[in-house]
$ cat start.cif   # mmCIF, C-alpha atoms
data_data
#
loop_
_atom_site.label_atom_id
_atom_site.label_comp_id
_atom_site.auth_asym_id
_atom_site.auth_seq_id
_atom_site.Cartn_x
_atom_site.Cartn_y
_atom_site.Cartn_z
CA MET A 2 84.76 74.24 39.20
CA SER A 3 83.55 70.85 40.37
CA ILE A 4 87.04 69.37 39.81
CA GLU A 5 88.56 72.07 42.02
CA LYS A 6 85.93 71.44 44.65
CA ASN A 7 86.75 67.75 44.56
CA LYS A 8 90.43 68.57 45.12
CA ILE A 9 89.85 71.01 47.98
CA GLU A 10 87.30 68.97 49.94
CA PRO A 11 89.65 66.11 50.99
CA ILE A 12 92.25 68.67 52.11
CA ILE A 13 89.68 70.45 54.27
CA ASN A 14 88.44 67.11 55.62
CA SER A 15 91.93 65.95 56.56
CA GLN A 16 92.68 69.30 58.20
CA GLN A 17 89.47 69.03 60.21
CA GLN A 18 90.32 65.45 61.12
CA GLU A 19 93.78 66.57 62.27
CA LYS A 20 92.25 69.35 64.37
CA ILE A 21 89.80 66.90 65.96
CA GLU A 22 92.59 64.44 66.70
CA THR A 23 94.80 67.15 68.20
CA LYS A 24 91.92 68.33 70.35
CA GLN A 25 91.18 64.77 71.45
CA ALA A 26 94.85 64.23 72.30
CA GLU A 27 94.91 67.48 74.30
CA MET A 28 91.76 66.46 76.15
CA LEU A 29 93.26 63.03 76.84
CA ASP A 30 96.47 64.65 78.12
CA ASP A 31 94.48 66.95 80.41
CA ALA A 32 92.40 64.04 81.66
CA TRP A 33 95.53 61.96 82.18
CA ALA A 34 97.21 64.78 84.14
CA GLU A 35 94.14 65.01 86.34
CA LEU A 36 94.06 61.24 86.86
CA SER A 37 97.75 61.22 87.76
CA GLN A 38 97.20 63.96 90.29
CA ASP A 39 94.23 62.13 91.81
CA TRP A 40 96.23 58.91 91.94
CA GLN A 41 99.31 60.43 93.52
CA THR A 42 97.38 62.35 96.16
CA GLN A 43 95.52 59.28 97.37
CA PRO A 44 95.62 59.09 101.15
CA THR A 45 97.55 56.09 102.47
CA GLN A 46 97.98 54.76 105.96
CA LYS A 47 101.34 55.20 107.69
CA THR A 48 103.31 52.05 108.43
CA ASP A 49 104.88 51.39 111.81
CA ILE A 50 108.21 50.40 110.29
CA SER A 51 109.79 49.01 113.47
CA ALA A 52 106.76 46.73 113.94
CA LEU A 53 106.99 45.75 110.27
CA ILE A 54 110.67 44.87 110.67
CA LYS A 55 109.89 42.77 113.75
CA ARG A 56 107.13 40.91 111.92
CA THR A 57 109.28 40.42 108.83
CA ARG A 58 112.20 39.11 110.90
CA ARG A 59 109.85 36.79 112.80
CA ARG A 60 108.37 35.39 109.58
CA THR A 61 111.81 34.88 108.02
CA ARG A 62 113.14 33.20 111.15
CA GLY A 63 109.97 31.10 111.46
CA ALA A 64 110.35 29.80 107.91
CA LYS A 65 114.06 29.09 108.40
CA PHE A 66 113.40 27.42 111.77
CA CYS A 67 110.74 25.09 110.30
CA PHE A 68 113.04 24.15 107.44
CA ALA A 69 115.99 23.56 109.79
CA LEU A 70 113.75 21.50 112.08
CA ASN A 71 112.76 19.29 109.13
CA ILE A 72 116.40 18.69 108.22
CA LEU A 73 117.36 18.02 111.84
CA ALA A 74 114.47 15.59 112.30
CA THR A 75 115.52 13.73 109.14
CA LEU A 76 119.14 13.62 110.29
CA GLY A 77 117.94 12.41 113.71
CA LEU A 78 115.96 9.62 112.08
CA VAL A 79 118.94 8.56 109.92
CA LEU A 80 121.24 8.58 112.96
CA ALA A 81 118.71 6.63 115.04
CA PHE A 82 118.43 4.08 112.24
CA LEU A 83 122.22 3.72 111.98
CA TYR A 84 122.51 3.45 115.76
CA GLY A 85 119.74 0.83 115.79
CA VAL A 86 121.41 -1.24 113.06
CA PHE A 87 124.91 -1.16 114.54
CA ASP A 88 123.97 -1.38 118.20
CA ASP A 89 121.27 -4.03 117.59
CA GLN A 90 119.33 -2.97 120.70
CA LEU A 91 116.14 -1.54 119.22
CA GLY A 92 114.94 -4.69 117.47
CA ASP A 93 113.94 -5.36 113.87
CA PRO A 94 110.47 -3.74 113.89
CA VAL A 95 111.78 -0.42 115.20
CA ASN A 96 114.80 -0.51 112.90
CA THR A 97 112.67 -1.20 109.83
CA TYR A 98 110.15 1.47 110.82
CA ILE A 99 112.82 4.12 111.43
CA GLY A 100 114.77 3.09 108.32
CA LEU A 101 111.82 3.50 105.97
CA GLY A 102 110.71 6.61 107.84
CA SER A 103 114.08 8.28 107.37
CA LEU A 104 114.10 7.35 103.67
CA ILE A 105 110.70 8.94 103.10
CA SER A 106 111.73 11.93 105.20
CA LEU A 107 114.83 12.38 103.02
CA ILE A 108 112.66 12.45 99.89
CA PHE A 109 110.42 15.09 101.45
CA VAL A 110 113.34 17.27 102.53
CA TYR A 111 114.75 17.08 98.99
CA PHE A 112 111.45 18.29 97.53
CA GLU A 113 111.02 20.99 100.14
CA THR A 114 114.53 22.32 99.50
CA LYS A 115 113.80 22.42 95.77
CA LEU A 116 110.53 24.28 96.34
CA ARG A 117 112.09 26.83 98.69
CA LEU A 118 115.08 27.51 96.46
CA ALA A 119 112.80 28.01 93.47
CA THR A 120 110.58 30.43 95.41
CA TRP A 121 113.53 32.45 96.72
CA SER A 122 115.18 32.70 93.32
CA GLN A 123 112.00 34.11 91.75
CA LEU A 124 111.64 37.12 94.05
CA CYS A 125 113.20 39.58 91.59
CA ASP A 126 112.03 37.86 88.43
CA SER A 127 110.10 39.73 85.81
CA PRO A 128 106.42 40.28 86.76
CA GLU A 129 105.72 38.96 83.24
CA LYS A 130 106.91 35.59 84.49
CA ALA A 131 104.97 35.81 87.77
CA ILE A 132 102.05 33.71 86.56
CA ALA A 133 104.33 31.17 84.87
CA ASN A 134 106.33 30.96 88.13
CA ALA A 135 103.14 30.60 90.15
CA ILE A 136 102.03 27.78 87.83
CA ALA A 137 105.41 26.06 88.21
CA GLY A 138 105.21 26.51 92.00
CA SER A 139 101.69 25.14 92.03
CA GLU A 140 102.80 22.12 89.97
CA SER A 141 105.68 21.41 92.39
CA SER A 142 103.35 21.81 95.32
CA MET A 143 100.85 19.39 93.77
CA LYS A 144 103.66 16.90 93.14
CA TYR A 145 104.66 17.25 96.81
CA MET A 146 101.06 16.53 97.86
CA TRP A 147 100.89 13.56 95.49
CA ILE A 148 104.09 12.07 96.93
CA THR A 149 102.71 12.60 100.44
CA LYS A 150 99.56 10.73 99.46
CA ILE A 151 101.52 7.95 97.76
CA SER A 152 103.76 7.63 100.83
CA PHE A 153 100.70 6.46 102.77
CA LEU A 154 100.76 3.25 100.69
CA PRO A 155 104.03 1.91 102.14
CA PHE A 156 103.47 3.62 105.48
CA LEU A 157 100.03 2.16 106.21
CA PRO A 158 101.07 -1.52 106.15
CA LEU A 159 104.35 -0.57 107.84
CA VAL A 160 102.56 1.16 110.73
CA ASN A 161 100.14 -1.74 111.13
CA TRP A 162 102.95 -4.25 111.01
CA PHE A 163 104.89 -2.19 113.56
CA VAL A 164 101.89 -1.95 115.90
CA TYR A 165 101.24 -5.68 115.53
CA THR A 166 104.88 -6.70 116.15
CA VAL A 167 105.31 -4.37 119.12
CA GLY A 168 101.87 -5.44 120.42
CA GLN A 169 103.04 -9.06 120.58
CA THR A 170 105.45 -8.19 123.34
CA SER A 171 103.06 -5.82 125.15
CA GLU A 172 100.08 -6.59 127.39
CA LYS A 173 98.06 -3.57 126.22
CA PRO A 174 95.01 -4.20 123.93
CA LEU A 175 96.02 -4.35 120.27
CA LEU A 176 92.72 -3.08 118.88
CA LEU A 177 93.04 0.33 120.53
CA ALA A 178 96.59 0.71 119.23
CA PHE A 179 95.44 -0.22 115.71
CA LEU A 180 92.52 2.19 115.88
CA MET A 181 94.71 5.02 117.10
CA ALA A 182 97.44 4.45 114.50
CA ASN A 183 95.03 4.04 111.57
CA GLY A 184 92.84 6.91 112.77
CA PHE A 185 95.88 9.18 112.86
CA MET A 186 96.93 8.10 109.37
CA LEU A 187 93.39 8.64 108.05
CA GLY A 188 93.28 12.12 109.59
CA MET A 189 96.61 13.00 108.02
CA TYR A 190 95.43 11.69 104.65
CA ALA A 191 92.26 13.80 104.87
CA VAL A 192 94.29 16.96 105.55
CA VAL A 193 96.66 16.25 102.63
CA GLU A 194 93.71 15.47 100.34
CA TYR A 195 92.04 18.76 101.29
CA LEU A 196 95.25 20.71 100.58
CA HIS A 197 95.78 18.83 97.31
CA ARG A 198 92.28 19.73 96.09
CA LYS A 199 92.83 23.36 97.09
CA ARG A 200 96.08 23.45 95.10
CA LYS A 201 94.39 21.82 92.08
CA LYS A 202 91.68 24.50 92.12
CA GLU A 203 94.32 27.22 92.38
CA TYR A 204 96.26 25.61 89.53
CA GLN A 205 93.21 25.61 87.25
CA GLN A 206 92.64 29.29 88.04
CA LEU A 207 96.26 30.10 87.20
CA LEU A 208 96.00 28.25 83.89
CA GLN A 209 92.98 30.33 82.97
CA MET A 210 94.98 33.52 83.60
CA LYS A 211 97.89 32.47 81.39
CA MET B 19 151.90 26.78 123.08
CA ASP B 20 150.96 26.27 119.41
CA ASN B 21 147.52 25.13 120.46
CA SER B 22 146.86 28.23 122.52
CA VAL B 23 147.91 30.48 119.63
CA GLU B 24 145.66 28.55 117.26
CA LEU B 25 142.79 28.81 119.72
CA ALA B 26 143.29 32.56 120.05
CA LEU B 27 143.37 32.93 116.26
CA GLN B 28 140.23 30.84 115.91
CA LYS B 29 138.48 32.97 118.52
CA GLN B 30 139.55 36.11 116.67
CA ASP B 31 138.23 34.66 113.39
CA CYS B 32 134.91 33.79 115.02
CA PHE B 33 134.68 37.27 116.48
CA GLN B 34 135.45 38.88 113.11
CA THR B 35 132.82 36.73 111.34
CA ALA B 36 130.19 37.53 113.97
CA LYS B 37 131.05 41.22 113.71
CA LEU B 38 130.76 41.14 109.91
CA GLN B 39 127.45 39.28 110.04
CA LEU B 40 126.06 41.67 112.64
CA GLY B 41 127.25 44.66 110.60
CA TYR B 42 125.72 43.19 107.44
CA SER B 43 122.43 42.51 109.26
CA LEU B 44 122.32 46.03 110.74
CA ASN B 45 123.16 47.50 107.36
CA ASN B 46 120.35 45.50 105.75
CA GLN B 47 117.92 46.69 108.39
CA GLN B 48 118.88 50.32 107.82
CA THR B 49 118.52 49.93 104.07
CA PHE B 50 115.15 48.21 104.48
CA THR B 51 113.86 50.96 106.80
CA LYS B 52 115.07 53.65 104.39
CA TRP B 53 113.49 52.00 101.36
CA ILE B 54 110.16 51.30 103.03
CA SER B 55 109.93 54.87 104.37
CA GLN B 56 110.79 56.25 100.95
CA TYR B 57 108.56 54.05 98.81
CA GLU B 58 105.72 53.21 101.20
CA LYS B 59 103.31 55.49 99.37
CA LEU B 60 104.23 54.03 95.98
CA LEU B 61 103.71 50.49 97.28
CA ARG B 62 100.36 51.29 98.87
CA HIS B 63 99.16 53.03 95.71
CA ILE B 64 100.15 50.10 93.52
CA ILE B 65 98.39 47.67 95.88
CA ILE B 66 95.18 49.75 95.75
CA GLY B 67 95.20 49.30 91.98
CA PHE B 68 95.09 45.52 92.37
CA GLU B 69 93.09 44.79 95.51
CA ALA B 70 89.99 46.41 96.96
CA LYS B 71 89.77 44.94 100.47
CA PRO B 72 91.79 46.89 103.06
CA ALA B 73 92.60 43.75 105.09
CA ILE B 74 94.03 41.98 102.02
CA GLN B 75 95.81 45.20 101.01
CA GLU B 76 97.61 45.11 104.35
CA GLU B 77 98.48 41.43 103.92
CA LEU B 78 99.88 42.18 100.47
CA PHE B 79 101.92 45.08 101.82
CA GLN B 80 103.47 42.76 104.40
CA GLU B 81 104.09 40.07 101.78
CA ILE B 82 105.85 42.61 99.56
CA ALA B 83 107.89 43.87 102.54
CA LEU B 84 108.91 40.29 103.33
CA ASN B 85 109.98 39.68 99.74
CA ILE B 86 111.96 42.94 99.68
CA TRP B 87 113.70 41.86 102.89
CA ARG B 88 114.54 38.47 101.39
CA ALA B 89 115.70 39.95 98.10
CA LEU B 90 117.86 42.66 99.72
CA PRO B 91 121.12 40.66 99.49
CA SER B 92 120.60 40.18 95.74
CA PHE B 93 120.19 43.92 95.08
CA ARG B 94 122.91 45.28 92.82
CA ALA B 95 123.97 48.87 93.36
CA ASP B 96 123.79 49.65 89.63
CA ALA B 97 120.01 49.04 89.56
CA ALA B 98 117.49 51.70 90.60
CA VAL B 99 115.90 51.09 94.00
CA LYS B 100 112.50 52.27 92.78
CA THR B 101 112.56 49.77 89.89
CA PHE B 102 113.75 46.98 92.18
CA ILE B 103 110.98 47.60 94.72
CA ALA B 104 108.25 48.07 92.10
CA ARG B 105 109.28 44.84 90.39
CA ILE B 106 109.03 42.85 93.61
CA ALA B 107 105.64 44.43 94.33
CA HIS B 108 104.35 43.63 90.84
CA ASN B 109 105.59 40.07 91.16
CA VAL B 110 103.58 39.57 94.34
CA LEU B 111 100.53 41.35 92.93
CA ALA B 112 100.49 39.49 89.60
CA THR B 113 100.50 36.19 91.50
CA HIS B 114 97.81 37.50 93.83
CA VAL B 115 95.58 38.57 90.93
CA ALA B 116 96.08 35.25 89.17
CA LYS B 117 95.18 33.29 92.29
CA SER B 118 92.13 35.29 93.27
CA VAL B 119 90.59 36.58 90.06
CA LYS B 120 87.02 36.22 91.26
CA THR B 121 87.34 38.05 94.57
CA ILE B 122 89.21 41.03 93.15
CA LYS B 123 86.94 41.71 90.21
CA THR B 124 83.60 41.32 91.89
CA GLU B 125 83.79 42.13 95.58
CA GLN B 126 83.48 45.60 97.04
CA SER B 127 86.22 47.08 99.16
CA SER B 128 84.12 48.04 102.15
CA ASP B 129 80.72 49.24 103.23
CA GLU B 130 81.87 52.79 102.76
CA SER B 131 82.99 52.31 99.18
CA SER B 132 79.84 50.42 98.21
CA HIS B 133 77.84 53.33 99.61
CA ASN B 134 79.81 55.70 97.43
CA ASP B 135 79.30 53.47 94.43
CA GLU B 136 75.55 53.55 94.94
CA GLN B 137 75.72 57.33 95.00
CA GLN B 138 77.75 57.29 91.81
CA CYS B 139 75.24 55.03 90.11
CA GLU B 140 72.37 57.26 91.15
CA GLN B 141 74.16 60.37 89.86
CA PRO B 142 75.58 59.74 86.40
CA THR B 143 77.79 62.84 86.64
CA PRO B 144 81.08 63.07 84.73
CA TYR B 145 84.31 62.11 86.48
CA GLN B 146 85.40 65.74 86.86
CA SER B 147 82.31 66.73 88.80
CA LEU B 148 82.95 64.24 91.61
CA ASP B 149 84.86 65.31 94.68
CA GLN B 150 88.47 64.20 94.97
CA ASN B 151 87.82 61.33 97.35
CA GLN B 152 85.11 59.92 95.09
CA ARG B 153 87.30 60.36 92.04
CA GLN B 154 90.16 58.50 93.71
CA GLN B 155 87.87 55.63 94.63
CA LYS B 156 86.35 55.49 91.18
CA LEU B 157 89.80 55.56 89.58
CA ALA B 158 91.10 52.71 91.75
CA GLN B 159 87.95 50.71 91.05
CA ALA B 160 88.28 51.26 87.30
CA ILE B 161 91.94 50.20 87.35
CA ARG B 162 90.99 46.98 89.15
CA GLN B 163 88.64 46.20 86.26
CA LEU B 164 91.42 46.34 83.67
CA LYS B 165 93.37 43.34 82.37
CA LEU B 166 96.41 42.37 84.46
CA GLU B 167 98.94 43.67 81.87
CA GLN B 168 97.04 46.95 81.65
CA GLN B 169 96.84 47.25 85.45
CA GLN B 170 100.61 46.82 85.59
CA VAL B 171 101.48 49.60 83.14
CA ILE B 172 98.80 52.01 84.29
CA THR B 173 99.68 51.86 88.01
CA LEU B 174 103.30 52.60 87.18
CA ALA B 175 102.49 55.33 84.66
CA LEU B 176 100.14 57.05 87.11
CA GLU B 177 103.05 57.16 89.57
CA GLY B 178 104.87 59.26 87.01
CA MET B 179 107.29 56.59 85.83
CA SER B 180 108.84 56.97 82.38
CA TYR B 181 108.47 54.35 79.61
CA GLN B 182 112.03 53.22 80.32
CA GLU B 183 111.36 52.83 84.05
CA ILE B 184 108.15 50.87 83.39
CA ALA B 185 110.03 48.68 80.92
CA ASP B 186 112.72 48.04 83.56
CA VAL B 187 110.14 47.09 86.19
CA LEU B 188 108.17 44.76 83.95
CA VAL B 189 111.21 43.56 81.97
CA ILE B 190 109.57 44.29 78.61
CA SER B 191 110.55 46.59 75.72
CA THR B 192 109.67 50.30 75.76
CA ASN B 193 107.68 49.78 72.55
CA LEU B 194 105.52 47.20 74.27
CA VAL B 195 105.07 49.58 77.21
CA GLY B 196 103.81 52.20 74.75
CA VAL B 197 101.34 49.83 73.12
CA ARG B 198 100.04 48.48 76.42
CA LEU B 199 99.79 51.91 77.98
CA GLN B 200 97.86 53.33 75.05
CA ARG B 201 95.35 50.48 75.25
CA ALA B 202 95.18 50.71 79.03
CA LYS B 203 94.56 54.46 78.90
CA ALA B 204 91.77 54.03 76.34
CA ALA B 205 90.15 51.29 78.42
CA LEU B 206 90.48 53.35 81.59
CA MET B 207 89.03 56.47 80.00
CA GLN B 208 86.12 54.41 78.73
CA LEU B 209 85.50 53.03 82.22
CA LEU B 210 85.68 56.49 83.74
CA GLU B 211 84.13 58.32 80.79
CA VAL B 212 86.35 61.34 81.34
CA ALA B 213 87.48 62.14 77.83
#

$ encode --input "start.cif" --output "structure tokens"
Amino acid sequence: MSIEKNKIEPIINSQQQEKIETKQAEMLDDAWAELSQDWQTQPTQKTDISALIKRTRRRTRGAKFCFALNILATLGLVLAFLYGVFDDQLGDPVNTYIGLGSLISLIFVYFETKLRLATWSQLCDSPEKAIANAIAGSESSMKYMWITKISFLPFLPLVNWFVYTVGQTSEKPLLLAFLMANGFMLGMYAVVEYLHRKRKKEYQQLLQMK
Amino acid sequence: MDNSVELALQKQDCFQTAKLQLGYSLNNQQTFTKWISQYEKLLRHIIIGFEAKPAIQEELFQEIALNIWRALPSFRADAAVKTFIARIAHNVLATHVAKSVKTIKTEQSSDESSHNDEQQCEQPTPYQSLDQNQRQQKLAQAIRQLKLEQQQVITLALEGMSYQEIADVLVISTNLVGVRLQRAKAALMQLLEVA
């Protein structure tokens, strides 16, 4: 009698367990159906599509224009340098200044092109890679900031040397020119430093998410 | 004589190129308008599942629209538009979540929603007893509390997408979709206490 009871009890228990599980699954399905309905009937605002197209076009053109302007400015600097060297009218200080300026500008354009191409190629990437892509983008951006900061090292003496050399032939006070040039450089450095710190913070946050 | 013929041919070539580019651009614009009109609701719903603030929601919508516009030329006709659009949206949103973890998880969407939340805290009623507007807000809030990978599958599943469609959007296997969705559902139900 007790042996039979021992045999029957697990069967009853498993049947009960199955019933409970089925009921739970049914309840979950009902709840899910209700959630889906709630989700899909959420009110959303209507988009003015023609205004959206205008804005989207403007943003795309704006980005392309800025990029094209950078390339044109670099080309202009290179051409001015070549003109200065071959025509020999601008003088050594200007030639040296423009020459180094165009070289640094070329490096920046190269990095910017790389950054933009990478961003554009990741638009349809897997969302699984989104964070990895954002980390890579953040790293490139930080490298760009670092190069900008490093570029101040050759630029600072160059600017001062340029102001000094040009000042020799001018009657205007040298001190004011030095103050203005160095003040501008310092301001630029402060902006780049601020952006660099912001990117670093963002980078740390992204790493935590990975 | 030869020069004039060449010039005419060149002009014709230029005209043809301009016409093609204009046609392509107009075609893109039409496609973009069609897609946005068709999937606007889907996009807005997905965004609500990731971001609470209406102003940032709008910014994200515009960012997604911009990325769709940029990615339009790379769209292949054999892929499903819905999958293509949802993938771009999830790309933008995953990056957004990763960059602003703190603001999304902790801040309230607006004065109105915080008022509703207070009401919900005061009345510990089950999910079903709330009115539809409250339920929708509570649901969106609960989804925003999930892990990123769970948010991704749940927002797509709630839109009625199949395992295969979700797998196509997130570029993962259907098995993984199943596992993630099961966990996400359990976590969501726990947050909502509906089951």

$ atom_distance --input "start.cif" --atom1 "CA of Ile161 (chain B)" --atom2 "CA of Glu81 (chain B)"
21.4 Å

$ residues_around --input "start.cif" --residues "region 103-110 of chain A" --least-positions-apart "6" --cutoff "12 Å" --atoms "only C-alpha atoms" --output "number ranges by chain"
A: 67-83, 95-97, 116-117, 142, 144-156

$ resolve_selection --input "start.cif" --expression "the PyMOL selection byres ((chain B) within 7 of (chain A))" --output "JSON list (two decimals) with C-alpha atoms, keeping the file's coordinate frame"
[["chain", "number", "residue", "atom", "x", "y", "z"],
["B", 51, "THR", "CA", 113.86, 50.96, 106.80],
["B", 59, "LYS", "CA", 103.31, 55.49, 99.37],
["B", 62, "ARG", "CA", 100.36, 51.29, 98.87],
["B", 84, "LEU", "CA", 108.91, 40.29, 103.33],
["B", 85, "ASN", "CA", 109.98, 39.68, 99.74],
["B", 89, "ALA", "CA", 115.70, 39.95, 98.10],
["B", 105, "ARG", "CA", 109.28, 44.84, 90.39],
["B", 106, "ILE", "CA", 109.03, 42.85, 93.61],
["B", 108, "HIS", "CA", 104.35, 43.63, 90.84],
["B", 109, "ASN", "CA", 105.59, 40.07, 91.16],
["B", 112, "ALA", "CA", 100.49, 39.49, 89.60],
["B", 113, "THR", "CA", 100.50, 36.19, 91.50],
["B", 116, "ALA", "CA", 96.08, 35.25, 89.17],
["B", 117, "LYS", "CA", 95.18, 33.29, 92.29],
["B", 150, "GLN", "CA", 88.47, 64.20, 94.97],
["B", 154, "GLN", "CA", 90.16, 58.50, 93.71],
["B", 176, "LEU", "CA", 100.14, 57.05, 87.11],
["B", 177, "GLU", "CA", 103.05, 57.16, 89.57],
["B", 188, "LEU", "CA", 108.17, 44.76, 83.95],
["B", 189, "VAL", "CA", 111.21, 43.56, 81.97],
["B", 212, "VAL", "CA", 86.35, 61.34, 81.34],
["B", 213, "ALA", "CA", 87.48, 62.14, 77.83]]

$ atom_distance --input "start.cif" --atom1 "CA of Lys156 (chain B)" --atom2 "CA of Leu209 (chain B)"
9.3 Å

$ residues_around --input "start.cif" --residues "region 191-196 of chain B" --least-positions-apart "3" --cutoff "10 Å" --atoms "all atoms listed in the file" --output "ChimeraX atom specification"
/B:167-168,170-172,175,180-186,188,199-202

$ atom_distance --input "start.cif" --atom1 "CA of Lys65 (chain A)" --atom2 "CA of Gln47 (chain B)"
18.0 Å

$ axis_aligned_box --input "start.cif" --around "region 77-88 of chain B" --padding-each-side "5 Å" --output "lines of an AutoDock Vina configuration file"
center_x = 106.5
center_y = 41.8
center_z = 102.0
size_x = 26.1
size_y = 16.6
size_z = 14.8
